[in-house]
Amino acid sequence: MKTKELKNKILTVAKRMLNRQDYHEIVVEEIAKKAGVAKGTIFFHFKSKENFVKEIFESMLKDIGVLFDDIVKKEVSVIEKLKLLYDTYADYILHNTHIFMMLRQEMVKENCKMKSIARKFYRSIGGKLIPLVLQGYKEKVFKKYTKEPLNPEIIMSLVFTYGLSVAHFTIQSKNKYNYKKVKEIFWKTLLYGIIK
């Protein structure tokens, strides 16, 4: 197996495990066993457990970035693109909730190495969303709450926050509510707030 394929296989196994267990509960030997590699192979590729988790986070953010790139290129209206971005983000978080919750806990720590990765990711995504929002203003799709248009970064934050809230609400309610209905209610609430 090629080095890159082996590394991706290890990352896939680790992501699956991190979605079921806390970071501190996972033992490298268990990852190696499930991936079918020696423990030394993991440390050869990742050097430390912290570096390993950092690479998992980076790969997840890269995945979301690729999904967002595909959506931005679609020939649909600004609102349809925002809806697709919102749906994609909410779905991705729901399917990786445990990892995102763990990362959120890690991010509040003072010396967290992942903060710079998260900031870089949000700037990158902002670079995709902000032109959409500006296009929405140009097409007079979005409301003006003041003489000046709403800051595009606020709309970007709303899309992210609503997507995260849908996943969080669904998890906290222990799937008592239909995820698709909850997602649609949150979207309509967001849409009502930003659309004319």
# chains A, B, ... in the order shown; residues from 1 in each chain; ligands from 1
call {"tool": "select_by_dssp", "arguments": {"residues": "chain A", "states": "helix (DSSP H, G or I)", "output": "PyMOL selection string"}}
result
chain A and resi 3-18+23-25+28-35+39-46+49-72+78-95+97-107+115-138+152-172+179-194
call {"tool": "residues_around", "arguments": {"residues": "Gly163 of chain A", "least_positions_apart": "3", "cutoff": "8 Å", "atoms": "only C-alpha atoms", "output": "PyMOL selection string"}}
result
chain A and resi 86-87+89-90+93+159-160+166-167+183
call {"tool": "write_last_selection", "arguments": {"atoms": "C-alpha atoms", "output": "PDB file, in the first residue's frame"}}
result
ATOM      1  CA  TYR A  86     -25.860  25.399   5.148  1.00  0.00           C
ATOM      2  CA  ASP A  87     -27.204  21.866   4.537  1.00  0.00           C
ATOM      3  CA  TYR A  89     -22.220  22.046   6.866  1.00  0.00           C
ATOM      4  CA  ALA A  90     -25.054  20.894   9.165  1.00  0.00           C
ATOM      5  CA  ILE A  93     -21.243  18.318  11.679  1.00  0.00           C
ATOM      6  CA  VAL A 159     -24.905  30.264   8.277  1.00  0.00           C
ATOM      7  CA  PHE A 160     -22.220  28.484  10.360  1.00  0.00           C
ATOM      8  CA  VAL A 166     -29.196  22.170  14.000  1.00  0.00           C
ATOM      9  CA  ALA A 167     -26.708  19.374  14.626  1.00  0.00           C
ATOM     10  CA  LYS A 183     -32.874  21.787   9.630  1.00  0.00           C
TER      11      LYS A 183
END
call {"tool": "closest_atom_pairs", "arguments": {"of": "segment 10-103 of chain A", "to": "segment 110-131 of chain A", "cutoff": "12 Å", "atoms": "only C-alpha atoms", "output": "tab-separated table"}}
result
residue	atom	partner	partner_atom	distance
A:Glu50	CA	A:Lys113	CA	8.9
A:Asn51	CA	A:Lys113	CA	9.2
A:Phe52	CA	A:Met114	CA	11.5
A:Val53	CA	A:Met114	CA	9.1
A:Lys54	CA	A:Met114	CA	6.4
A:Glu55	CA	A:Met114	CA	9.5
A:Ile56	CA	A:Met114	CA	10.7
A:Phe57	CA	A:Met114	CA	7.9
A:Glu58	CA	A:Ile117	CA	7.0
A:Ser59	CA	A:Ile117	CA	10.7
A:Met60	CA	A:Phe121	CA	10.3
A:Leu61	CA	A:Phe121	CA	6.6
A:Lys62	CA	A:Phe121	CA	8.2
A:Asp63	CA	A:Phe121	CA	10.9
A:Ile64	CA	A:Ile125	CA	8.9
A:Gly65	CA	A:Ile125	CA	6.8
A:Val66	CA	A:Ile125	CA	10.1
A:Leu67	CA	A:Ile125	CA	10.7
A:Phe68	CA	A:Ile125	CA	7.7
A:Asp69	CA	A:Lys128	CA	7.5
A:Asp70	CA	A:Lys128	CA	10.7
A:Ile71	CA	A:Lys128	CA	9.8
A:Val72	CA	A:Lys128	CA	7.1
A:Lys73	CA	A:Lys128	CA	10.0
A:Val78	CA	A:Pro131	CA	9.8
A:Ile79	CA	A:Leu129	CA	11.4
A:Lys81	CA	A:Leu129	CA	9.3
A:Leu82	CA	A:Leu129	CA	8.0
A:Lys83	CA	A:Leu129	CA	11.6
A:Leu84	CA	A:Leu129	CA	11.7
A:Leu85	CA	A:Leu129	CA	8.8
A:Tyr86	CA	A:Leu129	CA	10.8
A:Tyr89	CA	A:Ile125	CA	11.1
A:Phe100	CA	A:Ala118	CA	11.3
A:Met102	CA	A:Met114	CA	11.6
A:Leu103	CA	A:Met114	CA	8.2
call {"tool": "write_last_selection", "arguments": {"atoms": "N, CA and C atoms", "output": "tab-separated table (two decimals), in the first residue's frame"}}
result
chain	number	residue	atom	x	y	z
A	50	GLU	N	-1.00	14.13	19.61
A	50	GLU	CA	-1.52	15.48	19.38
A	50	GLU	C	-1.43	15.84	17.90
A	51	ASN	N	-0.30	15.51	17.28
A	51	ASN	CA	-0.13	15.78	15.86
A	51	ASN	C	-1.12	14.97	15.03
A	52	PHE	N	-1.40	13.77	15.49
A	52	PHE	CA	-2.36	12.88	14.85
A	52	PHE	C	-3.74	13.53	14.84
A	53	VAL	N	-4.20	14.02	15.99
A	53	VAL	CA	-5.51	14.66	16.09
A	53	VAL	C	-5.54	15.94	15.25
A	54	LYS	N	-4.44	16.67	15.26
A	54	LYS	CA	-4.34	17.89	14.45
A	54	LYS	C	-4.54	17.55	12.97
A	55	GLU	N	-3.92	16.48	12.51
A	55	GLU	CA	-4.07	16.09	11.10
A	55	GLU	C	-5.48	15.61	10.78
A	56	ILE	N	-6.13	14.97	11.74
A	56	ILE	CA	-7.53	14.57	11.55
A	56	ILE	C	-8.38	15.81	11.34
A	57	PHE	N	-8.18	16.81	12.20
A	57	PHE	CA	-8.91	18.07	12.11
A	57	PHE	C	-8.65	18.73	10.76
A	58	GLU	N	-7.39	18.81	10.36
A	58	GLU	CA	-7.04	19.43	9.08
A	58	GLU	C	-7.71	18.70	7.91
A	59	SER	N	-7.73	17.37	7.97
A	59	SER	CA	-8.33	16.61	6.87
A	59	SER	C	-9.84	16.83	6.81
A	60	MET	N	-10.48	16.97	7.97
A	60	MET	CA	-11.92	17.24	8.00
A	60	MET	C	-12.22	18.63	7.44
A	61	LEU	N	-11.42	19.60	7.81
A	61	LEU	CA	-11.62	20.96	7.30
A	61	LEU	C	-11.38	21.01	5.79
A	62	LYS	N	-10.41	20.23	5.33
A	62	LYS	CA	-10.15	20.15	3.89
A	62	LYS	C	-11.36	19.54	3.18
A	63	ASP	N	-11.93	18.49	3.77
A	63	ASP	CA	-13.12	17.85	3.19
A	63	ASP	C	-14.26	18.86	3.04
A	64	ILE	N	-14.51	19.64	4.10
A	64	ILE	CA	-15.58	20.64	4.05
A	64	ILE	C	-15.26	21.69	2.98
A	65	GLY	N	-14.02	22.10	2.90
A	65	GLY	CA	-13.61	23.08	1.90
A	65	GLY	C	-13.88	22.60	0.49
A	66	VAL	N	-13.59	21.33	0.21
A	66	VAL	CA	-13.83	20.75	-1.13
A	66	VAL	C	-15.33	20.73	-1.41
A	67	LEU	N	-16.12	20.32	-0.42
A	67	LEU	CA	-17.58	20.30	-0.59
A	67	LEU	C	-18.10	21.71	-0.90
A	68	PHE	N	-17.59	22.70	-0.16
A	68	PHE	CA	-18.01	24.08	-0.37
A	68	PHE	C	-17.59	24.59	-1.75
A	69	ASP	N	-16.38	24.24	-2.19
A	69	ASP	CA	-15.92	24.66	-3.52
A	69	ASP	C	-16.88	24.16	-4.60
A	70	ASP	N	-17.29	22.91	-4.47
A	70	ASP	CA	-18.22	22.33	-5.46
A	70	ASP	C	-19.55	23.08	-5.49
A	71	ILE	N	-20.02	23.47	-4.32
A	71	ILE	CA	-21.30	24.18	-4.24
A	71	ILE	C	-21.19	25.58	-4.84
A	72	VAL	N	-20.13	26.29	-4.52
A	72	VAL	CA	-19.94	27.66	-5.01
A	72	VAL	C	-19.90	27.69	-6.54
A	73	LYS	N	-19.40	26.63	-7.16
A	73	LYS	CA	-19.29	26.57	-8.63
A	73	LYS	C	-20.62	26.28	-9.32
A	78	VAL	N	-28.02	32.66	-5.57
A	78	VAL	CA	-27.27	32.90	-4.34
A	78	VAL	C	-27.94	32.19	-3.16
A	79	ILE	N	-29.26	32.30	-3.06
A	79	ILE	CA	-29.99	31.68	-1.96
A	79	ILE	C	-29.85	30.16	-2.01
A	81	LYS	N	-27.38	28.48	-3.28
A	81	LYS	CA	-26.01	28.15	-2.88
A	81	LYS	C	-25.86	28.22	-1.36
A	82	LEU	N	-26.39	29.30	-0.75
A	82	LEU	CA	-26.31	29.41	0.71
A	82	LEU	C	-27.02	28.24	1.38
A	83	LYS	N	-28.17	27.84	0.84
A	83	LYS	CA	-28.92	26.70	1.39
A	83	LYS	C	-28.10	25.42	1.29
A	84	LEU	N	-27.48	25.21	0.14
A	84	LEU	CA	-26.64	24.02	-0.03
A	84	LEU	C	-25.44	24.04	0.93
A	85	LEU	N	-24.83	25.21	1.09
A	85	LEU	CA	-23.70	25.34	2.03
A	85	LEU	C	-24.16	25.04	3.46
A	86	TYR	N	-25.28	25.61	3.82
A	86	TYR	CA	-25.86	25.40	5.15
A	86	TYR	C	-26.17	23.92	5.38
A	89	TYR	N	-22.92	21.80	5.60
A	89	TYR	CA	-22.22	22.05	6.87
A	89	TYR	C	-22.95	21.36	8.03
A	100	PHE	N	-16.30	17.19	16.52
A	100	PHE	CA	-16.45	18.64	16.61
A	100	PHE	C	-16.62	19.11	18.06
A	102	MET	N	-15.39	17.57	20.70
A	102	MET	CA	-14.08	17.41	21.30
A	102	MET	C	-13.17	18.58	20.89
A	103	LEU	N	-13.20	18.92	19.61
A	103	LEU	CA	-12.37	20.03	19.13
A	103	LEU	C	-12.78	21.34	19.78
call {"tool": "residues_around", "arguments": {"residues": "Phe43 of chain A", "least_positions_apart": "3", "cutoff": "12 Å", "atoms": "only C-alpha atoms", "output": "list in words"}}
result
Lys7, Ile10, Val28, Glu29, Ile31, Ala32, Val37, Ala38, Lys39, Gly40, Phe46, Lys47, Ser48, Lys49, Glu50, Asn51 and Phe52 of chain A
call {"tool": "atom_distance", "arguments": {"atom1": "atom CA of Arg16 of chain A", "atom2": "atom CA of Gly36 of chain A"}}
result
14.6 Å
call {"tool": "atom_distance", "arguments": {"atom1": "atom CA of Lys33 of chain A", "atom2": "atom CA of Asp91 of chain A"}}
result
29.3 Å
call {"tool": "residues_around", "arguments": {"residues": "Asp22 of chain A", "least_positions_apart": "3", "cutoff": "9 Å", "atoms": "only C-alpha atoms", "output": "PyMOL selection string"}}
result
chain A and resi 17-19+25-26+98-99+102
call {"tool": "write_last_selection", "arguments": {"atoms": "C-alpha atoms", "output": "JSON list (two decimals), in the first residue's frame"}}
result
[["chain", "number", "residue", "atom", "x", "y", "z"],
["A", 17, "MET", "CA", -13.06, 6.00, 16.60],
["A", 18, "LEU", "CA", -13.07, 9.68, 17.59],
["A", 19, "ASN", "CA", -16.75, 9.85, 16.69],
["A", 25, "GLU", "CA", -9.77, 7.38, 25.81],
["A", 26, "ILE", "CA", -8.27, 6.35, 22.49],
["A", 98, "HIS", "CA", -18.30, 13.87, 18.67],
["A", 99, "ILE", "CA", -15.14, 15.09, 16.93],
["A", 102, "MET", "CA", -14.08, 17.41, 21.30]]
